[in-house]
Amino acid sequence: MRVIVTGGAGFIGSNFIRYILKKKPGWDITNIDALTYAGNLANLSGIEDSPKYKFIKGDISNPEDVERLFESEYDYLVNFAAETHVDRSLYEPGLFLKTNVLGTQLLLNYALEKRIKRFIQISTDEVYGSLESEGYFDESSPLSPNSPYAASKASADVICRSYSRTFDMPVIITRCGNNYGPYQFPEKVIPFFITKALKDEPLPLYGDGLNVRDWIHVEDHCDAILAVLEKGEIGEVYNIGGGNERTNLELTRIILEILGKPESLIKFVKDRPGHDRRYALNCDKIKAELGWSAQMDFADGLRKTVEWYLNNKKWCDDVISGEYMKFYELHYRERS
Ligand code: NAD
Ligand code: TYD
């Protein structure tokens, strides 16, 4: 199989490429990535010389770049490329719409013309909006996004749906919960707090710290995407969750405990505007229809992840760019 992976220099995309090269040694992967502040070729070190892997630097919202990509023939496309950080989407929503919505639509156009056999849209649980302490979202729950990031992902989902219904395109959408694991850019809460704690700097916990996220190890997510790619039903949506709900405060305490750092590092700061209270997914469909379920124990996965960051401090220092720091300084000044 010849597979396009977009955004393969980011966190989940790079883990997915490693996963596929291991699980499907006969497959050829072409990774197109714009190498934004969040995309780093260091995430793919060791595989750049593989004859089964090719990299194209390109922007999915730029027609010339996408045209160049589609000069070759492919079977599948897995679309990870996106602007992904909710906090940044508060400052630059237009960029989120350009990449996440228009970029996806451009890929759909070319994939349609080139008769791609399967187009997998990597979406998120955030499209459903927020839950209080009870209940779960299933695939038929209404889309009710609250942040510009979530709205851009929900928009991409409905555009994918329209291409599937109108043009009979083989599109499948996956909606996953919060991922953790190696190579996650240290702006997202787990690697951010690990790297802060290692420097004995305060961990800025938004609001009352009681917002809940459902955590899944990135390798379980990759495994689910492969199941969907090979066995998923065209035109369908699949939720993917780890079943590990934790409040941010619980999560922060576990990270500090693993690192042997004091809880006095926790600093409650001004809440994120529009902060979703709780995400939780009903994943019965993917379990029943595709036989997939998450395997990683949360305590083990988190411990391994902390170890990875301890062993890769240089990676953390190297991936932080000036562009990210400009955002960081403004954002956390406003929160404190
Ligand atoms: P990430 O921010 O780590 O990586 C995004 C990648 O996309 C980067 O390599 C970046 O350079 C690339 N990119 C950005 N704009 C681009 C453009 N215009 N053209 C080409 N490449 C571009 O993100 P991630 O956490 O790996 O998320 C990957 C996908 O999974 C996203 O679509 C995201 O919405 C979805 N998702 C993420 C999570 C999570 O917890 N991280 C959960 C559910 C779904
Ligand atoms: P994040 O990793 O940004 O993912 P998302 O917003 O997509 O779920 O944040 C996870 C949770 O951690 C979210 O409830 C916001 C919270 N958070 C903080 O309390 N402080 C921080 O500095 C960050 C980055 C996140």
# chains A, B, ... in the order shown; residues from 1 in each chain; ligands from 1
call {"tool": "residues_near_ligand", "arguments": {"ligand": "ligand 1", "cutoff": "7 Å", "atoms": "only C-alpha atoms and all ligand atoms", "output": "MDAnalysis selection string"}}
result
chainID A and resid 6:13 32:40 58:61 79:85 99 103 122:125 153 175:180 184:185
call {"tool": "residues_near_ligand", "arguments": {"ligand": "ligand 2", "cutoff": "7 Å", "atoms": "only C-alpha atoms and all ligand atoms", "output": "list of chain:residue names"}}
result
A:His85, A:Val86, A:Asp87, A:Asn178, A:Glu187, A:Lys188, A:Val189, A:Ile190, A:Phe192, A:Leu203, A:Pro204, A:Leu205, A:Tyr206, A:Gly209, A:Asn211, A:Val212, A:Arg213, A:Asn248, A:His275, A:Asp276
call {"tool": "closest_atom_pairs", "arguments": {"of": "range 25-78 of chain A", "to": "range 221-229 of chain A", "cutoff": "12 Å", "atoms": "only C-alpha atoms", "output": "CSV"}}
result
residue,atom,partner,partner_atom,distance
A:Asp75,CA,A:Leu229,CA,10.8
A:Tyr76,CA,A:Leu229,CA,8.1
A:Leu77,CA,A:Leu229,CA,9.3
A:Val78,CA,A:Leu229,CA,8.5
call {"tool": "closest_residue", "arguments": {"among": "A:Ser264, A:Trp215, A:Pro148, A:Trp292", "to": "Tyr91 in chain A", "atoms": "only C-alpha atoms"}}
result
A:Pro148
call {"tool": "closest_residue", "arguments": {"among": "A:His331, A:Lys196, A:Arg246, A:Lys285", "to": "Ile266 in chain A", "atoms": "only C-alpha atoms"}}
result
A:Lys196
call {"tool": "closest_residue", "arguments": {"among": "A:Thr305, A:Asn239, A:Gln295, A:Ser45", "to": "Ile258 in chain A", "atoms": "only C-alpha atoms"}}
result
A:Thr305
call {"tool": "select_by_dssp", "arguments": {"residues": "range 122-308 of chain A", "states": "alpha helix (DSSP H)", "output": "PyMOL selection string"}}
result
chain A and resi 148-167+189-198+218-231+248-259+284-290+298-308
call {"tool": "write_last_selection", "arguments": {"atoms": "C-alpha atoms", "output": "PDB file, in the first residue's frame"}}
result
ATOM      1  CA  PRO A 148     -11.716  28.031  17.660  1.00  0.00           C
ATOM      2  CA  TYR A 149      -9.541  24.875  17.472  1.00  0.00           C
ATOM      3  CA  ALA A 150     -12.505  22.583  18.122  1.00  0.00           C
ATOM      4  CA  ALA A 151     -14.680  24.597  15.712  1.00  0.00           C
ATOM      5  CA  SER A 152     -12.072  24.235  12.955  1.00  0.00           C
ATOM      6  CA  LYS A 153     -11.902  20.459  13.510  1.00  0.00           C
ATOM      7  CA  ALA A 154     -15.718  20.176  13.565  1.00  0.00           C
ATOM      8  CA  SER A 155     -15.868  22.155  10.314  1.00  0.00           C
ATOM      9  CA  ALA A 156     -13.375  19.784   8.708  1.00  0.00           C
ATOM     10  CA  ASP A 157     -15.504  16.846   9.907  1.00  0.00           C
ATOM     11  CA  VAL A 158     -18.661  18.137   8.267  1.00  0.00           C
ATOM     12  CA  ILE A 159     -16.796  18.954   5.044  1.00  0.00           C
ATOM     13  CA  CYS A 160     -15.458  15.379   5.039  1.00  0.00           C
ATOM     14  CA  ARG A 161     -18.987  14.126   5.572  1.00  0.00           C
ATOM     15  CA  SER A 162     -20.263  16.228   2.658  1.00  0.00           C
ATOM     16  CA  TYR A 163     -17.594  14.827   0.291  1.00  0.00           C
ATOM     17  CA  SER A 164     -18.517  11.336   1.390  1.00  0.00           C
ATOM     18  CA  ARG A 165     -22.268  11.880   0.871  1.00  0.00           C
ATOM     19  CA  THR A 166     -22.149  14.064  -2.256  1.00  0.00           C
ATOM     20  CA  PHE A 167     -19.200  12.622  -4.163  1.00  0.00           C
ATOM     21  CA  VAL A 189      -0.148  19.822  29.494  1.00  0.00           C
ATOM     22  CA  ILE A 190       1.715  16.537  30.191  1.00  0.00           C
ATOM     23  CA  PRO A 191       5.081  17.330  28.542  1.00  0.00           C
ATOM     24  CA  PHE A 192       4.733  21.001  29.553  1.00  0.00           C
ATOM     25  CA  PHE A 193       4.344  20.127  33.221  1.00  0.00           C
ATOM     26  CA  ILE A 194       7.089  17.474  33.095  1.00  0.00           C
ATOM     27  CA  THR A 195       9.581  19.941  31.608  1.00  0.00           C
ATOM     28  CA  LYS A 196       8.519  22.707  34.026  1.00  0.00           C
ATOM     29  CA  ALA A 197       8.806  20.433  37.071  1.00  0.00           C
ATOM     30  CA  LEU A 198      12.248  19.251  35.981  1.00  0.00           C
ATOM     31  CA  VAL A 218      -0.427   7.507  21.483  1.00  0.00           C
ATOM     32  CA  GLU A 219       0.458   3.924  20.522  1.00  0.00           C
ATOM     33  CA  ASP A 220      -3.088   2.788  21.333  1.00  0.00           C
ATOM     34  CA  HIS A 221      -4.359   5.628  19.146  1.00  0.00           C
ATOM     35  CA  CYS A 222      -2.065   4.525  16.273  1.00  0.00           C
ATOM     36  CA  ASP A 223      -3.314   0.968  16.646  1.00  0.00           C
ATOM     37  CA  ALA A 224      -6.925   2.188  16.430  1.00  0.00           C
ATOM     38  CA  ILE A 225      -6.188   4.254  13.299  1.00  0.00           C
ATOM     39  CA  LEU A 226      -4.676   1.200  11.598  1.00  0.00           C
ATOM     40  CA  ALA A 227      -7.774  -0.833  12.498  1.00  0.00           C
ATOM     41  CA  VAL A 228      -9.987   1.882  10.995  1.00  0.00           C
ATOM     42  CA  LEU A 229      -7.795   2.157   7.899  1.00  0.00           C
ATOM     43  CA  GLU A 230      -7.975  -1.571   7.230  1.00  0.00           C
ATOM     44  CA  LYS A 231     -11.404  -2.544   8.546  1.00  0.00           C
ATOM     45  CA  ASN A 248      -5.993  18.032  35.736  1.00  0.00           C
ATOM     46  CA  LEU A 249      -5.168  18.288  39.432  1.00  0.00           C
ATOM     47  CA  GLU A 250      -4.997  14.477  39.800  1.00  0.00           C
ATOM     48  CA  LEU A 251      -2.844  14.260  36.674  1.00  0.00           C
ATOM     49  CA  THR A 252      -0.484  16.971  37.911  1.00  0.00           C
ATOM     50  CA  ARG A 253      -0.079  15.260  41.286  1.00  0.00           C
ATOM     51  CA  ILE A 254       0.784  11.944  39.581  1.00  0.00           C
ATOM     52  CA  ILE A 255       3.421  13.644  37.403  1.00  0.00           C
ATOM     53  CA  LEU A 256       4.955  15.336  40.455  1.00  0.00           C
ATOM     54  CA  GLU A 257       4.954  12.068  42.373  1.00  0.00           C
ATOM     55  CA  ILE A 258       6.727  10.190  39.558  1.00  0.00           C
ATOM     56  CA  LEU A 259       9.335  12.960  39.393  1.00  0.00           C
ATOM     57  CA  ASP A 284     -18.525   0.792  22.074  1.00  0.00           C
ATOM     58  CA  LYS A 285     -18.666   1.111  18.284  1.00  0.00           C
ATOM     59  CA  ILE A 286     -14.957   0.631  17.524  1.00  0.00           C
ATOM     60  CA  LYS A 287     -14.765  -2.122  20.155  1.00  0.00           C
ATOM     61  CA  ALA A 288     -17.750  -4.048  18.792  1.00  0.00           C
ATOM     62  CA  GLU A 289     -17.204  -3.499  15.065  1.00  0.00           C
ATOM     63  CA  LEU A 290     -13.406  -3.498  14.741  1.00  0.00           C
ATOM     64  CA  PHE A 298      -2.391   4.586  32.398  1.00  0.00           C
ATOM     65  CA  ALA A 299       0.030   4.449  35.347  1.00  0.00           C
ATOM     66  CA  ASP A 300       2.585   2.481  33.277  1.00  0.00           C
ATOM     67  CA  GLY A 301       2.131   4.654  30.207  1.00  0.00           C
ATOM     68  CA  LEU A 302       2.556   7.850  32.166  1.00  0.00           C
ATOM     69  CA  ARG A 303       5.637   6.543  33.963  1.00  0.00           C
ATOM     70  CA  LYS A 304       7.210   5.519  30.634  1.00  0.00           C
ATOM     71  CA  THR A 305       6.339   8.906  29.158  1.00  0.00           C
ATOM     72  CA  VAL A 306       7.958  10.759  32.054  1.00  0.00           C
ATOM     73  CA  GLU A 307      11.052   8.564  31.612  1.00  0.00           C
ATOM     74  CA  TRP A 308      11.129   9.388  27.905  1.00  0.00           C
TER      75      TRP A 308
END
call {"tool": "closest_residue", "arguments": {"among": "A:Pro25, A:Ser321, A:Gly243, A:Leu281", "to": "Ser140 in chain A", "atoms": "only C-alpha atoms"}}
result
A:Leu281
call {"tool": "closest_residue", "arguments": {"among": "A:Tyr279, A:Tyr19, A:Arg88, A:Ala111", "to": "Leu330 in chain A", "atoms": "only C-alpha atoms"}}
result
A:Arg88
call {"tool": "select_by_dssp", "arguments": {"residues": "range 125-323 of chain A", "states": "strand (DSSP E)", "output": "ChimeraX atom specification"}}
result
/A:171-176,178-180,203-206,212-217,237-240,245-247,266-269
call {"tool": "atom_distance", "arguments": {"atom1": "CA of Tyr53 in chain A", "atom2": "CA of Ile29 in chain A"}}
result
4.9 Å
call {"tool": "decode", "arguments": {"residues": "range 22-40 of chain A", "atoms": "N, CA, C and O atoms", "output": "PDB file, in the first residue's frame"}}
result
ATOM      1  N   LYS A  22       6.864  -0.386  11.367  1.00  0.00           N
ATOM      2  CA  LYS A  22       7.101  -1.617  12.134  1.00  0.00           C
ATOM      3  C   LYS A  22       6.045  -2.681  11.802  1.00  0.00           C
ATOM      4  O   LYS A  22       6.375  -3.835  11.541  1.00  0.00           O
ATOM      5  N   LYS A  23       4.771  -2.257  11.792  1.00  0.00           N
ATOM      6  CA  LYS A  23       3.676  -3.231  11.630  1.00  0.00           C
ATOM      7  C   LYS A  23       3.429  -3.650  10.191  1.00  0.00           C
ATOM      8  O   LYS A  23       2.905  -4.727   9.934  1.00  0.00           O
ATOM      9  N   LYS A  24       3.714  -2.746   9.268  1.00  0.00           N
ATOM     10  CA  LYS A  24       3.417  -2.993   7.851  1.00  0.00           C
ATOM     11  C   LYS A  24       4.672  -2.724   7.029  1.00  0.00           C
ATOM     12  O   LYS A  24       4.756  -1.740   6.277  1.00  0.00           O
ATOM     13  N   PRO A  25       5.677  -3.611   7.152  1.00  0.00           N
ATOM     14  CA  PRO A  25       6.966  -3.323   6.513  1.00  0.00           C
ATOM     15  C   PRO A  25       6.899  -3.209   4.991  1.00  0.00           C
ATOM     16  O   PRO A  25       7.790  -2.620   4.384  1.00  0.00           O
ATOM     17  N   GLY A  26       5.806  -3.693   4.388  1.00  0.00           N
ATOM     18  CA  GLY A  26       5.695  -3.602   2.929  1.00  0.00           C
ATOM     19  C   GLY A  26       5.103  -2.276   2.449  1.00  0.00           C
ATOM     20  O   GLY A  26       5.089  -1.995   1.244  1.00  0.00           O
ATOM     21  N   TRP A  27       4.586  -1.471   3.351  1.00  0.00           N
ATOM     22  CA  TRP A  27       3.899  -0.241   2.938  1.00  0.00           C
ATOM     23  C   TRP A  27       4.903   0.888   2.677  1.00  0.00           C
ATOM     24  O   TRP A  27       5.946   0.975   3.336  1.00  0.00           O
ATOM     25  N   ASP A  28       4.547   1.765   1.732  1.00  0.00           N
ATOM     26  CA  ASP A  28       5.362   2.950   1.431  1.00  0.00           C
ATOM     27  C   ASP A  28       4.662   4.176   1.999  1.00  0.00           C
ATOM     28  O   ASP A  28       3.474   4.383   1.738  1.00  0.00           O
ATOM     29  N   ILE A  29       5.416   4.983   2.729  1.00  0.00           N
ATOM     30  CA  ILE A  29       4.808   6.164   3.355  1.00  0.00           C
ATOM     31  C   ILE A  29       5.413   7.443   2.799  1.00  0.00           C
ATOM     32  O   ILE A  29       6.635   7.580   2.733  1.00  0.00           O
ATOM     33  N   THR A  30       4.540   8.364   2.406  1.00  0.00           N
ATOM     34  CA  THR A  30       4.991   9.708   2.045  1.00  0.00           C
ATOM     35  C   THR A  30       4.426  10.669   3.073  1.00  0.00           C
ATOM     36  O   THR A  30       3.208  10.728   3.281  1.00  0.00           O
ATOM     37  N   ASN A  31       5.327  11.379   3.729  1.00  0.00           N
ATOM     38  CA  ASN A  31       4.940  12.318   4.779  1.00  0.00           C
ATOM     39  C   ASN A  31       5.032  13.740   4.239  1.00  0.00           C
ATOM     40  O   ASN A  31       6.102  14.172   3.819  1.00  0.00           O
ATOM     41  N   ILE A  32       3.903  14.462   4.227  1.00  0.00           N
ATOM     42  CA  ILE A  32       3.958  15.882   3.866  1.00  0.00           C
ATOM     43  C   ILE A  32       3.712  16.697   5.123  1.00  0.00           C
ATOM     44  O   ILE A  32       2.728  16.469   5.848  1.00  0.00           O
ATOM     45  N   ASP A  33       4.636  17.611   5.398  1.00  0.00           N
ATOM     46  CA  ASP A  33       4.527  18.407   6.625  1.00  0.00           C
ATOM     47  C   ASP A  33       5.131  19.786   6.351  1.00  0.00           C
ATOM     48  O   ASP A  33       6.176  19.895   5.710  1.00  0.00           O
ATOM     49  N   ALA A  34       4.456  20.816   6.843  1.00  0.00           N
ATOM     50  CA  ALA A  34       4.925  22.194   6.632  1.00  0.00           C
ATOM     51  C   ALA A  34       6.052  22.564   7.601  1.00  0.00           C
ATOM     52  O   ALA A  34       6.645  23.626   7.479  1.00  0.00           O
ATOM     53  N   LEU A  35       6.320  21.694   8.575  1.00  0.00           N
ATOM     54  CA  LEU A  35       7.324  21.976   9.613  1.00  0.00           C
ATOM     55  C   LEU A  35       7.054  23.328  10.279  1.00  0.00           C
ATOM     56  O   LEU A  35       7.896  24.223  10.264  1.00  0.00           O
ATOM     57  N   THR A  36       5.861  23.464  10.831  1.00  0.00           N
ATOM     58  CA  THR A  36       5.543  24.627  11.664  1.00  0.00           C
ATOM     59  C   THR A  36       6.334  24.484  12.962  1.00  0.00           C
ATOM     60  O   THR A  36       7.086  23.510  13.140  1.00  0.00           O
ATOM     61  N   TYR A  37       6.097  25.372  13.916  1.00  0.00           N
ATOM     62  CA  TYR A  37       6.795  25.280  15.214  1.00  0.00           C
ATOM     63  C   TYR A  37       6.579  23.898  15.854  1.00  0.00           C
ATOM     64  O   TYR A  37       7.417  23.420  16.620  1.00  0.00           O
ATOM     65  N   ALA A  38       5.447  23.243  15.518  1.00  0.00           N
ATOM     66  CA  ALA A  38       5.098  21.961  16.164  1.00  0.00           C
ATOM     67  C   ALA A  38       5.641  20.750  15.406  1.00  0.00           C
ATOM     68  O   ALA A  38       5.561  19.630  15.904  1.00  0.00           O
ATOM     69  N   GLY A  39       6.163  20.975  14.224  1.00  0.00           N
ATOM     70  CA  GLY A  39       6.633  19.856  13.405  1.00  0.00           C
ATOM     71  C   GLY A  39       8.152  19.799  13.404  1.00  0.00           C
ATOM     72  O   GLY A  39       8.810  20.811  13.146  1.00  0.00           O
ATOM     73  N   ASN A  40       8.703  18.658  13.710  1.00  0.00           N
ATOM     74  CA  ASN A  40      10.152  18.543  13.841  1.00  0.00           C
ATOM     75  C   ASN A  40      10.638  17.240  13.236  1.00  0.00           C
ATOM     76  O   ASN A  40      10.176  16.160  13.625  1.00  0.00           O
TER      77      ASN A  40
END
